[in-house]
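Colleague: Here you go, one structure.
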Amino acid sequence: MNRPCIVYLPLCRLTFDMECAQSYFAKSKALLESMPIELLSPDQPLSSPEMLEEYVRNIRQKQPLLVLVQSVTFVDATFMACVANDLSCPIVLWGVREPAADGGRLRLNSLTGVYAAGNLLVSLGRKFKYIFGNPEEAELQAELAAEIEAVRVKALLRILKVGVFGHFPSGFYFSNLEDTELMRVIGPKLIRLELAAVAKKAQALGDEEIQVAINELKSRLAGTESLPAATLEQYGRIRTAYKKLAEEHGMGALATRCWPDCFTEWQSAVCTAISFVTDSGVVASCEADIGGAISMYIARQLTGSAPYFADPVALDEENNAIIYWHCGVAPCS
């Protein structure tokens, strides 16, 4: 899923300035080929609805994540009707700048074609995004990259497994999401386990297994030499148990109950353990907060780094700031 499949459909009518249109097409395709995507693109702009229909028919089985429709010149909405009927994936409309709007004959009239396509999509109830600019423009490149990254992460959510350990504490309604509704709307599957599964896995671990986690902690966290051996062992067991359960079930994210059970039954919080889980690549939220875990997963995918999950505890209006705090779940990174 690191290289999402994207379809580029450059549309034109031959009555416009085709030399200019070919130049825009070549630059646009070169830009897309430089991006981390699997690109599906014709060798030339598609100049009739029939050409477009044939091309779409041949690539439809590839199941693209996004179709990028560029009005290289003006085209009427019959072109867009072919795309809307045959491809169900998200649509981005791309308009390019008129080479010279000086009162003479329009050489491309791209923007009018984008408006026509957008009008049809609105009438059909299809959502779409719109970008405008030439392929060499940095702002256009950034907008296009953001759209592609969004559909990549959206596709990842469809295959994401979220481990939920225990039930959210009384009154923490914001932590809960319904399994079937979540699958229907954005896709993740919940794997629900009791918090006792963590304790059972932790107690069954051997000394060598937990020592790996303890050594990692000591190498990255100052002051561990002052901690009692029993505390370090408890950390090593909990950290390793979450890691193993995540691996066994293929979890990309987890949400675990902590307060008050871990304090009363384990005499320990899970903060440090799940902060290191998050740093290792499987994002972890506390209080069995499912939405929090999914938000963390999205943040990690979009940034490539570990997110920090915390509570807003104070407002500083003078400095236009919010103070966030939590017990200790911030990843070391």
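By order in the structure tokens, chains are A, B, ...; within a chain, residues start at 1; ligands start at 1, following the order shown.
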Pick out the residues sitting within 8 Å of A:Pro49, and hand them over as a PyMOL selection string; count only C-alpha atoms, and ignore anything fewer than 2 positions along from it in its own chain.

Modeller: chain A and resi 46-47+51-53+78-79+82

Colleague: With N, CA and C atoms kept, could you save the residues just selected as a PDB file, in the first residue's frame?

Modeller:
ATOM      1  N   LEU A  46      -6.738  11.922 -24.175  1.00  0.00           N
ATOM      2  CA  LEU A  46      -7.916  11.227 -24.721  1.00  0.00           C
ATOM      3  C   LEU A  46      -8.848  12.283 -25.299  1.00  0.00           C
ATOM      4  N   SER A  47      -9.062  12.202 -26.619  1.00  0.00           N
ATOM      5  CA  SER A  47      -9.727  13.306 -27.314  1.00  0.00           C
ATOM      6  C   SER A  47     -11.180  13.040 -27.683  1.00  0.00           C
ATOM      7  N   MET A  51     -12.735   7.116 -26.908  1.00  0.00           N
ATOM      8  CA  MET A  51     -11.366   6.770 -26.483  1.00  0.00           C
ATOM      9  C   MET A  51     -11.302   6.605 -24.972  1.00  0.00           C
ATOM     10  N   LEU A  52     -11.968   7.519 -24.273  1.00  0.00           N
ATOM     11  CA  LEU A  52     -11.976   7.474 -22.814  1.00  0.00           C
ATOM     12  C   LEU A  52     -12.647   6.202 -22.311  1.00  0.00           C
ATOM     13  N   GLU A  53     -13.794   5.860 -22.876  1.00  0.00           N
ATOM     14  CA  GLU A  53     -14.510   4.651 -22.465  1.00  0.00           C
ATOM     15  C   GLU A  53     -13.655   3.402 -22.659  1.00  0.00           C
ATOM     16  N   THR A  78     -19.888  14.982 -21.307  1.00  0.00           N
ATOM     17  CA  THR A  78     -20.010  13.577 -21.719  1.00  0.00           C
ATOM     18  C   THR A  78     -18.767  12.783 -21.338  1.00  0.00           C
ATOM     19  N   PHE A  79     -17.624  13.440 -21.291  1.00  0.00           N
ATOM     20  CA  PHE A  79     -16.393  12.778 -20.848  1.00  0.00           C
ATOM     21  C   PHE A  79     -16.526  12.373 -19.379  1.00  0.00           C
ATOM     22  N   CYS A  82     -18.610   9.320 -18.565  1.00  0.00           N
ATOM     23  CA  CYS A  82     -17.926   8.022 -18.735  1.00  0.00           C
ATOM     24  C   CYS A  82     -17.181   7.647 -17.463  1.00  0.00           C
TER      25      CYS A  82
END

Colleague: List the neighbours of A:Ser280 out to 12 Å using only C-alpha atoms; skip same-chain residues closer than 3 positions along the sequence, and give me the result as JSON, numbers by chain.

Modeller: {"A": [213, 216, 239, 240, 242, 243, 246, 247, 252, 253, 273, 274, 275, 276, 277, 283, 284, 300, 304, 305, 306, 307, 331, 332, 333]}

Colleague: Could those selected residues go to a file with N, CA and C atoms, as a PDB file, in the first residue's frame?

Modeller:
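What landed in part17.pdb:
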ATOM      1  N   ALA A 213      13.021  -6.028  26.485  1.00  0.00           N
ATOM      2  CA  ALA A 213      12.271  -4.787  26.709  1.00  0.00           C
ATOM      3  C   ALA A 213      12.936  -3.916  27.769  1.00  0.00           C
ATOM      4  N   GLU A 216      15.949  -2.166  26.305  1.00  0.00           N
ATOM      5  CA  GLU A 216      15.506  -1.068  25.450  1.00  0.00           C
ATOM      6  C   GLU A 216      15.150   0.156  26.290  1.00  0.00           C
ATOM      7  N   ARG A 239       5.037  -4.618  28.662  1.00  0.00           N
ATOM      8  CA  ARG A 239       5.455  -4.132  27.337  1.00  0.00           C
ATOM      9  C   ARG A 239       5.548  -5.286  26.334  1.00  0.00           C
ATOM     10  N   THR A 240       6.148  -6.378  26.732  1.00  0.00           N
ATOM     11  CA  THR A 240       6.329  -7.513  25.837  1.00  0.00           C
ATOM     12  C   THR A 240       4.997  -8.206  25.552  1.00  0.00           C
ATOM     13  N   TYR A 242       1.946  -6.800  25.382  1.00  0.00           N
ATOM     14  CA  TYR A 242       1.232  -6.018  24.368  1.00  0.00           C
ATOM     15  C   TYR A 242       1.845  -6.242  22.986  1.00  0.00           C
ATOM     16  N   LYS A 243       3.159  -6.244  22.930  1.00  0.00           N
ATOM     17  CA  LYS A 243       3.853  -6.419  21.652  1.00  0.00           C
ATOM     18  C   LYS A 243       3.501  -7.764  21.021  1.00  0.00           C
ATOM     19  N   ALA A 246      -0.181  -7.944  19.875  1.00  0.00           N
ATOM     20  CA  ALA A 246      -0.365  -7.162  18.650  1.00  0.00           C
ATOM     21  C   ALA A 246       0.137  -7.940  17.437  1.00  0.00           C
ATOM     22  N   GLU A 247       1.282  -8.591  17.583  1.00  0.00           N
ATOM     23  CA  GLU A 247       1.843  -9.378  16.479  1.00  0.00           C
ATOM     24  C   GLU A 247       0.971 -10.585  16.150  1.00  0.00           C
ATOM     25  N   GLY A 252      -2.554  -3.077  13.970  1.00  0.00           N
ATOM     26  CA  GLY A 252      -1.792  -1.891  13.623  1.00  0.00           C
ATOM     27  C   GLY A 252      -1.963  -0.791  14.642  1.00  0.00           C
ATOM     28  N   ALA A 253      -2.948  -0.970  15.528  1.00  0.00           N
ATOM     29  CA  ALA A 253      -3.228  -0.003  16.585  1.00  0.00           C
ATOM     30  C   ALA A 253      -3.896  -0.759  17.731  1.00  0.00           C
ATOM     31  N   ALA A 273       4.762   1.339  29.064  1.00  0.00           N
ATOM     32  CA  ALA A 273       4.693   0.181  28.165  1.00  0.00           C
ATOM     33  C   ALA A 273       4.095   0.574  26.818  1.00  0.00           C
ATOM     34  N   ILE A 274       2.964   1.275  26.835  1.00  0.00           N
ATOM     35  CA  ILE A 274       2.335   1.579  25.551  1.00  0.00           C
ATOM     36  C   ILE A 274       3.017   2.736  24.829  1.00  0.00           C
ATOM     37  N   SER A 275       3.781   3.565  25.568  1.00  0.00           N
ATOM     38  CA  SER A 275       4.559   4.590  24.863  1.00  0.00           C
ATOM     39  C   SER A 275       5.630   3.929  24.008  1.00  0.00           C
ATOM     40  N   PHE A 276       6.239   2.847  24.531  1.00  0.00           N
ATOM     41  CA  PHE A 276       7.244   2.136  23.749  1.00  0.00           C
ATOM     42  C   PHE A 276       6.595   1.305  22.639  1.00  0.00           C
ATOM     43  N   VAL A 277       5.387   0.818  22.863  1.00  0.00           N
ATOM     44  CA  VAL A 277       4.647   0.131  21.800  1.00  0.00           C
ATOM     45  C   VAL A 277       4.406   1.099  20.641  1.00  0.00           C
ATOM     46  N   VAL A 283       0.576   1.962  17.134  1.00  0.00           N
ATOM     47  CA  VAL A 283       0.134   3.068  17.988  1.00  0.00           C
ATOM     48  C   VAL A 283      -0.818   2.559  19.062  1.00  0.00           C
ATOM     49  N   ALA A 284      -0.740   3.167  20.243  1.00  0.00           N
ATOM     50  CA  ALA A 284      -1.511   2.672  21.387  1.00  0.00           C
ATOM     51  C   ALA A 284      -2.114   3.835  22.168  1.00  0.00           C
ATOM     52  N   ARG A 300       0.241   8.790  12.354  1.00  0.00           N
ATOM     53  CA  ARG A 300       1.512   8.107  12.077  1.00  0.00           C
ATOM     54  C   ARG A 300       1.695   7.888  10.574  1.00  0.00           C
ATOM     55  N   GLY A 304       4.790   9.705   9.336  1.00  0.00           N
ATOM     56  CA  GLY A 304       5.914   8.779   9.411  1.00  0.00           C
ATOM     57  C   GLY A 304       6.585   8.755  10.761  1.00  0.00           C
ATOM     58  N   SER A 305       5.989   9.386  11.768  1.00  0.00           N
ATOM     59  CA  SER A 305       6.584   9.404  13.113  1.00  0.00           C
ATOM     60  C   SER A 305       5.523   9.084  14.157  1.00  0.00           C
ATOM     61  N   ALA A 306       5.993   8.809  15.369  1.00  0.00           N
ATOM     62  CA  ALA A 306       5.083   8.403  16.439  1.00  0.00           C
ATOM     63  C   ALA A 306       4.275   9.593  16.955  1.00  0.00           C
ATOM     64  N   PRO A 307       2.946   9.446  17.091  1.00  0.00           N
ATOM     65  CA  PRO A 307       2.125  10.530  17.642  1.00  0.00           C
ATOM     66  C   PRO A 307       2.075  10.472  19.173  1.00  0.00           C
ATOM     67  N   PRO A 331       5.764   8.892  23.500  1.00  0.00           N
ATOM     68  CA  PRO A 331       6.888   8.099  23.009  1.00  0.00           C
ATOM     69  C   PRO A 331       8.201   8.853  23.187  1.00  0.00           C
ATOM     70  N   CYS A 332       9.272   8.128  23.423  1.00  0.00           N
ATOM     71  CA  CYS A 332      10.573   8.768  23.616  1.00  0.00           C
ATOM     72  C   CYS A 332      10.990   9.575  22.382  1.00  0.00           C
ATOM     73  N   SER A 333      10.542   9.144  21.208  1.00  0.00           N
ATOM     74  CA  SER A 333      10.935   9.846  19.986  1.00  0.00           C
ATOM     75  C   SER A 333      10.260  11.209  19.865  1.00  0.00           C
TER      76      SER A 333
END

Colleague: DSSP on the backbone: what in stretch 135-332 of chain A comes out strand (DSSP E), as a list in words?

Modeller: Lys161, Val162, Gly163, Val164, Phe165, Lys189, Leu190, Ile191, Arg192, Leu193, Ala253, Leu254, Ala255, Thr256, Val283, Ala284, Ser285, Cys286, Asp311, Pro312, Val313, Ala314, Leu315, Asp316, Ala321, Ile322, Ile323, Tyr324 and Trp325 of chain A

Colleague: Among stretch 171-297 of chain A, which residues carry a DSSP assignment of helix (DSSP H, G or I), reported as an NGL selection string?

Modeller: :A and (173-175 or 179-185 or 196-203 or 207-220 or 224-226 or 229-249 or 261-266 or 271-280 or 290-297)

Colleague: As an exercise, work out the distance from atom CA of A:Leu315 to atom CA of A:Leu254 in Å and give it to one decimal place.

Modeller: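 Between atom CA of A:Leu315 and atom CA of A:Leu254 the gap is 29.1 Å.
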
Colleague: If we count only C-alpha atoms, what is near A:Leu205 at a cut-off of 12 Å, once residues fewer than 5 positions away on the same chain are taken out, given as a PDB file with all heavy atoms, in the first residue's frame?

Modeller:
ATOM      1  N   VAL A 198      -3.736  -9.641  28.697  1.00  0.00           N
ATOM      2  CA  VAL A 198      -2.408  -9.041  28.812  1.00  0.00           C
ATOM      3  C   VAL A 198      -1.685  -9.617  30.030  1.00  0.00           C
ATOM      4  O   VAL A 198      -0.513 -10.010  29.960  1.00  0.00           O
ATOM      5  CB  VAL A 198      -2.498  -7.509  28.922  1.00  0.00           C
ATOM      6  CG1 VAL A 198      -1.101  -6.895  29.038  1.00  0.00           C
ATOM      7  CG2 VAL A 198      -3.240  -6.932  27.731  1.00  0.00           C
ATOM      8  N   ALA A 199      -2.404  -9.693  31.154  1.00  0.00           N
ATOM      9  CA  ALA A 199      -1.801 -10.234  32.372  1.00  0.00           C
ATOM     10  C   ALA A 199      -1.387 -11.689  32.185  1.00  0.00           C
ATOM     11  O   ALA A 199      -0.302 -12.104  32.619  1.00  0.00           O
ATOM     12  CB  ALA A 199      -2.782 -10.106  33.529  1.00  0.00           C
ATOM     13  N   LYS A 200      -2.234 -12.468  31.545  1.00  0.00           N
ATOM     14  CA  LYS A 200      -1.925 -13.883  31.319  1.00  0.00           C
ATOM     15  C   LYS A 200      -0.692 -14.041  30.440  1.00  0.00           C
ATOM     16  O   LYS A 200       0.202 -14.855  30.732  1.00  0.00           O
ATOM     17  CB  LYS A 200      -3.124 -14.576  30.674  1.00  0.00           C
ATOM     18  CG  LYS A 200      -2.932 -16.068  30.452  1.00  0.00           C
ATOM     19  CD  LYS A 200      -4.180 -16.696  29.845  1.00  0.00           C
ATOM     20  CE  LYS A 200      -3.977 -18.189  29.605  1.00  0.00           C
ATOM     21  NZ  LYS A 200      -5.196 -18.815  28.993  1.00  0.00           N
ATOM     22  N   ILE A 210      11.621 -10.803  28.485  1.00  0.00           N
ATOM     23  CA  ILE A 210      11.351  -9.494  29.088  1.00  0.00           C
ATOM     24  C   ILE A 210      12.619  -8.658  29.208  1.00  0.00           C
ATOM     25  O   ILE A 210      12.550  -7.433  29.254  1.00  0.00           O
ATOM     26  CB  ILE A 210      10.658  -9.634  30.459  1.00  0.00           C
ATOM     27  CG1 ILE A 210      11.585 -10.274  31.497  1.00  0.00           C
ATOM     28  CG2 ILE A 210       9.368 -10.413  30.330  1.00  0.00           C
ATOM     29  CD1 ILE A 210      11.019 -10.241  32.895  1.00  0.00           C
ATOM     30  N   GLN A 211      13.785  -9.318  29.240  1.00  0.00           N
ATOM     31  CA  GLN A 211      15.031  -8.559  29.367  1.00  0.00           C
ATOM     32  C   GLN A 211      15.277  -7.701  28.143  1.00  0.00           C
ATOM     33  O   GLN A 211      15.871  -6.621  28.241  1.00  0.00           O
ATOM     34  CB  GLN A 211      16.212  -9.519  29.582  1.00  0.00           C
ATOM     35  CG  GLN A 211      17.490  -8.812  30.039  1.00  0.00           C
ATOM     36  CD  GLN A 211      17.306  -8.074  31.361  1.00  0.00           C
ATOM     37  OE1 GLN A 211      16.768  -8.612  32.324  1.00  0.00           O
ATOM     38  NE2 GLN A 211      17.748  -6.812  31.401  1.00  0.00           N
ATOM     39  N   VAL A 212      14.800  -8.148  26.984  1.00  0.00           N
ATOM     40  CA  VAL A 212      14.937  -7.343  25.763  1.00  0.00           C
ATOM     41  C   VAL A 212      14.238  -5.992  25.945  1.00  0.00           C
ATOM     42  O   VAL A 212      14.788  -4.937  25.609  1.00  0.00           O
ATOM     43  CB  VAL A 212      14.346  -8.091  24.546  1.00  0.00           C
ATOM     44  CG1 VAL A 212      14.339  -7.193  23.308  1.00  0.00           C
ATOM     45  CG2 VAL A 212      15.125  -9.368  24.283  1.00  0.00           C
ATOM     46  N   ALA A 213      13.021  -6.028  26.485  1.00  0.00           N
ATOM     47  CA  ALA A 213      12.271  -4.787  26.709  1.00  0.00           C
ATOM     48  C   ALA A 213      12.936  -3.916  27.769  1.00  0.00           C
ATOM     49  O   ALA A 213      12.979  -2.690  27.640  1.00  0.00           O
ATOM     50  CB  ALA A 213      10.838  -5.114  27.109  1.00  0.00           C
ATOM     51  N   GLU A 233      10.860  -5.325  36.020  1.00  0.00           N
ATOM     52  CA  GLU A 233      10.335  -6.601  35.550  1.00  0.00           C
ATOM     53  C   GLU A 233       8.867  -6.468  35.145  1.00  0.00           C
ATOM     54  O   GLU A 233       8.449  -6.996  34.100  1.00  0.00           O
ATOM     55  CB  GLU A 233      10.466  -7.674  36.623  1.00  0.00           C
ATOM     56  CG  GLU A 233       9.901  -9.023  36.176  1.00  0.00           C
ATOM     57  CD  GLU A 233       9.925 -10.083  37.254  1.00  0.00           C
ATOM     58  OE1 GLU A 233      10.604  -9.886  38.280  1.00  0.00           O
ATOM     59  OE2 GLU A 233       9.247 -11.114  37.070  1.00  0.00           O
ATOM     60  N   GLN A 234       8.096  -5.744  35.969  1.00  0.00           N
ATOM     61  CA  GLN A 234       6.681  -5.539  35.640  1.00  0.00           C
ATOM     62  C   GLN A 234       6.543  -4.816  34.308  1.00  0.00           C
ATOM     63  O   GLN A 234       5.715  -5.193  33.457  1.00  0.00           O
ATOM     64  CB  GLN A 234       6.002  -4.732  36.756  1.00  0.00           C
ATOM     65  CG  GLN A 234       4.518  -4.469  36.540  1.00  0.00           C
ATOM     66  CD  GLN A 234       3.656  -5.654  36.917  1.00  0.00           C
ATOM     67  OE1 GLN A 234       3.989  -6.796  36.620  1.00  0.00           O
ATOM     68  NE2 GLN A 234       2.547  -5.376  37.581  1.00  0.00           N
ATOM     69  N   GLY A 236       8.741  -4.785  31.827  1.00  0.00           N
ATOM     70  CA  GLY A 236       9.177  -5.691  30.767  1.00  0.00           C
ATOM     71  C   GLY A 236       8.099  -6.688  30.392  1.00  0.00           C
ATOM     72  O   GLY A 236       7.906  -6.999  29.201  1.00  0.00           O
ATOM     73  N   ARG A 237       7.395  -7.192  31.387  1.00  0.00           N
ATOM     74  CA  ARG A 237       6.338  -8.165  31.108  1.00  0.00           C
ATOM     75  C   ARG A 237       5.156  -7.523  30.379  1.00  0.00           C
ATOM     76  O   ARG A 237       4.642  -8.076  29.389  1.00  0.00           O
ATOM     77  CB  ARG A 237       5.874  -8.829  32.415  1.00  0.00           C
ATOM     78  CG  ARG A 237       6.917  -9.750  33.030  1.00  0.00           C
ATOM     79  CD  ARG A 237       6.378 -10.539  34.214  1.00  0.00           C
ATOM     80  NE  ARG A 237       7.427 -11.407  34.749  1.00  0.00           N
ATOM     81  CZ  ARG A 237       7.762 -12.587  34.203  1.00  0.00           C
ATOM     82  NH1 ARG A 237       7.105 -13.041  33.150  1.00  0.00           N
ATOM     83  NH2 ARG A 237       8.729 -13.319  34.728  1.00  0.00           N
ATOM     84  N   ILE A 238       4.704  -6.356  30.854  1.00  0.00           N
ATOM     85  CA  ILE A 238       3.550  -5.698  30.240  1.00  0.00           C
ATOM     86  C   ILE A 238       3.882  -5.247  28.824  1.00  0.00           C
ATOM     87  O   ILE A 238       3.126  -5.478  27.882  1.00  0.00           O
ATOM     88  CB  ILE A 238       3.091  -4.501  31.102  1.00  0.00           C
ATOM     89  CG1 ILE A 238       2.587  -5.000  32.462  1.00  0.00           C
ATOM     90  CG2 ILE A 238       1.996  -3.706  30.387  1.00  0.00           C
ATOM     91  CD1 ILE A 238       2.291  -3.895  33.448  1.00  0.00           C
ATOM     92  N   ARG A 239       5.037  -4.618  28.662  1.00  0.00           N
ATOM     93  CA  ARG A 239       5.455  -4.132  27.337  1.00  0.00           C
ATOM     94  C   ARG A 239       5.548  -5.286  26.334  1.00  0.00           C
ATOM     95  O   ARG A 239       5.034  -5.202  25.212  1.00  0.00           O
ATOM     96  CB  ARG A 239       6.813  -3.438  27.481  1.00  0.00           C
ATOM     97  CG  ARG A 239       7.686  -3.314  26.238  1.00  0.00           C
ATOM     98  CD  ARG A 239       7.185  -2.396  25.231  1.00  0.00           C
ATOM     99  NE  ARG A 239       8.093  -2.188  24.127  1.00  0.00           N
ATOM    100  CZ  ARG A 239       7.933  -2.684  22.927  1.00  0.00           C
ATOM    101  NH1 ARG A 239       6.914  -3.492  22.687  1.00  0.00           N
ATOM    102  NH2 ARG A 239       8.736  -2.380  21.941  1.00  0.00           N
ATOM    103  N   THR A 240       6.148  -6.378  26.732  1.00  0.00           N
ATOM    104  CA  THR A 240       6.329  -7.513  25.837  1.00  0.00           C
ATOM    105  C   THR A 240       4.997  -8.206  25.552  1.00  0.00           C
ATOM    106  O   THR A 240       4.760  -8.681  24.432  1.00  0.00           O
ATOM    107  CB  THR A 240       7.333  -8.507  26.435  1.00  0.00           C
ATOM    108  OG1 THR A 240       8.542  -7.812  26.772  1.00  0.00           O
ATOM    109  CG2 THR A 240       7.665  -9.612  25.445  1.00  0.00           C
ATOM    110  N   ALA A 241       4.121  -8.242  26.539  1.00  0.00           N
ATOM    111  CA  ALA A 241       2.815  -8.873  26.340  1.00  0.00           C
ATOM    112  C   ALA A 241       1.997  -8.122  25.286  1.00  0.00           C
ATOM    113  O   ALA A 241       1.407  -8.740  24.382  1.00  0.00           O
ATOM    114  CB  ALA A 241       2.051  -8.921  27.657  1.00  0.00           C
ATOM    115  N   TYR A 242       1.946  -6.800  25.382  1.00  0.00           N
ATOM    116  CA  TYR A 242       1.232  -6.018  24.368  1.00  0.00           C
ATOM    117  C   TYR A 242       1.845  -6.242  22.986  1.00  0.00           C
ATOM    118  O   TYR A 242       1.130  -6.409  21.989  1.00  0.00           O
ATOM    119  CB  TYR A 242       1.275  -4.525  24.703  1.00  0.00           C
ATOM    120  CG  TYR A 242       0.256  -4.085  25.724  1.00  0.00           C
ATOM    121  CD1 TYR A 242       0.652  -3.572  26.958  1.00  0.00           C
ATOM    122  CD2 TYR A 242      -1.116  -4.159  25.459  1.00  0.00           C
ATOM    123  CE1 TYR A 242      -0.286  -3.157  27.899  1.00  0.00           C
ATOM    124  CE2 TYR A 242      -2.055  -3.736  26.395  1.00  0.00           C
ATOM    125  CZ  TYR A 242      -1.632  -3.238  27.612  1.00  0.00           C
ATOM    126  OH  TYR A 242      -2.558  -2.831  28.547  1.00  0.00           O
ATOM    127  N   LYS A 243       3.159  -6.244  22.930  1.00  0.00           N
ATOM    128  CA  LYS A 243       3.853  -6.419  21.652  1.00  0.00           C
ATOM    129  C   LYS A 243       3.501  -7.764  21.021  1.00  0.00           C
ATOM    130  O   LYS A 243       3.181  -7.845  19.830  1.00  0.00           O
ATOM    131  CB  LYS A 243       5.368  -6.315  21.863  1.00  0.00           C
ATOM    132  CG  LYS A 243       6.216  -6.533  20.616  1.00  0.00           C
ATOM    133  CD  LYS A 243       7.685  -6.294  20.936  1.00  0.00           C
ATOM    134  CE  LYS A 243       8.566  -6.494  19.703  1.00  0.00           C
ATOM    135  NZ  LYS A 243       8.678  -7.907  19.310  1.00  0.00           N
ATOM    136  N   LYS A 244       3.539  -8.820  21.810  1.00  0.00           N
ATOM    137  CA  LYS A 244       3.264 -10.159  21.290  1.00  0.00           C
ATOM    138  C   LYS A 244       1.800 -10.311  20.877  1.00  0.00           C
ATOM    139  O   LYS A 244       1.499 -10.920  19.840  1.00  0.00           O
ATOM    140  CB  LYS A 244       3.650 -11.215  22.332  1.00  0.00           C
ATOM    141  CG  LYS A 244       5.158 -11.432  22.454  1.00  0.00           C
ATOM    142  CD  LYS A 244       5.473 -12.572  23.394  1.00  0.00           C
ATOM    143  CE  LYS A 244       6.962 -12.899  23.353  1.00  0.00           C
ATOM    144  NZ  LYS A 244       7.374 -13.468  22.027  1.00  0.00           N
TER     145      LYS A 244
END

Colleague: Could you give me, as a PyMOL selection string, the residues within 10 Å of A:Pro36, counting only C-alpha atoms and dropping anything in the same chain fewer than 3 positions from it?

Modeller: chain A and resi 2-5+32-33+39+145+148-149

Colleague: Would you mind telling me which residue in A:Phe25, A:Phe128, A:Trp266, A:Trp259 lies nearest to A:Phe168 when using only C-alpha atoms?

Modeller: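 Among A:Phe25, A:Phe128, A:Trp266, A:Trp259, it is A:Trp259 that comes nearest to A:Phe168.
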
Colleague: When distances are computed from only C-alpha atoms, which of A:Tyr297, A:Thr272, A:Leu157, A:Gln141 shows the smallest separation from A:Arg184?

Modeller: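 Among the listed residues, the smallest separation from A:Arg184 belongs to A:Leu157.
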
Colleague: Please provide the set of residues having any atom within 10 Å of stretch 9-15 of chain A, restricted to only C-alpha atoms, with same-chain residues fewer than 4 positions apart removed, written as a PyMOL selection string.

Modeller: chain A and resi 21-22+24-25+28-29+40-49+51-52+55-56+67-76+79-80+83+93-94+107-108+110+113

Colleague: Residues near A:Ile323, anyone? I mean within 10 Å using only C-alpha atoms, not counting same-chain ones fewer than 3 positions away, as a ChimeraX atom specification.

Modeller: /A:310-316

Colleague: Kindly save the residues from that selection, with N, CA and C atoms included, as a PDB file, in the first residue's frame.

Modeller:
ATOM      1  N   ALA A 310      -2.828  12.763  24.197  1.00  0.00           N
ATOM      2  CA  ALA A 310      -2.876  13.420  25.503  1.00  0.00           C
ATOM      3  C   ALA A 310      -4.183  14.182  25.689  1.00  0.00           C
ATOM      4  N   ASP A 311      -4.372  14.706  26.894  1.00  0.00           N
ATOM      5  CA  ASP A 311      -5.581  15.456  27.243  1.00  0.00           C
ATOM      6  C   ASP A 311      -5.307  16.958  27.255  1.00  0.00           C
ATOM      7  N   PRO A 312      -6.252  17.790  26.762  1.00  0.00           N
ATOM      8  CA  PRO A 312      -6.119  19.245  26.915  1.00  0.00           C
ATOM      9  C   PRO A 312      -6.504  19.626  28.340  1.00  0.00           C
ATOM     10  N   VAL A 313      -5.555  20.178  29.085  1.00  0.00           N
ATOM     11  CA  VAL A 313      -5.807  20.437  30.511  1.00  0.00           C
ATOM     12  C   VAL A 313      -5.820  21.914  30.887  1.00  0.00           C
ATOM     13  N   ALA A 314      -5.324  22.782  29.994  1.00  0.00           N
ATOM     14  CA  ALA A 314      -5.319  24.206  30.331  1.00  0.00           C
ATOM     15  C   ALA A 314      -5.260  25.042  29.067  1.00  0.00           C
ATOM     16  N   LEU A 315      -5.903  26.227  29.151  1.00  0.00           N
ATOM     17  CA  LEU A 315      -5.859  27.178  28.052  1.00  0.00           C
ATOM     18  C   LEU A 315      -5.017  28.372  28.460  1.00  0.00           C
ATOM     19  N   ASP A 316      -4.151  28.812  27.554  1.00  0.00           N
ATOM     20  CA  ASP A 316      -3.339  30.006  27.772  1.00  0.00           C
ATOM     21  C   ASP A 316      -3.738  31.000  26.678  1.00  0.00           C
TER      22      ASP A 316
END

Colleague: Name the closest residue to A:Val282 among the candidates A:Gly250, A:Pro188, A:Leu193, A:Ala321; distances are taken between atoms, counting only C-alpha atoms.

Modeller: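 Result for the nearest residue to A:Val282: A:Gly250.
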
Colleague: Could you check the closest approach to A:Thr256 for each of A:Glu38, A:Glu194, A:Glu287, A:Glu208 and tell me which residue wins, using only C-alpha atoms?

Modeller: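 When distances to A:Thr256 are compared using only C-alpha atoms, the smallest one comes from A:Glu287.
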
Colleague: Between A:Ala100, A:Lys189, A:Arg220, A:Ala77, which has the minimum distance to A:Val114 (counting only C-alpha atoms)?

Modeller: A:Ala77
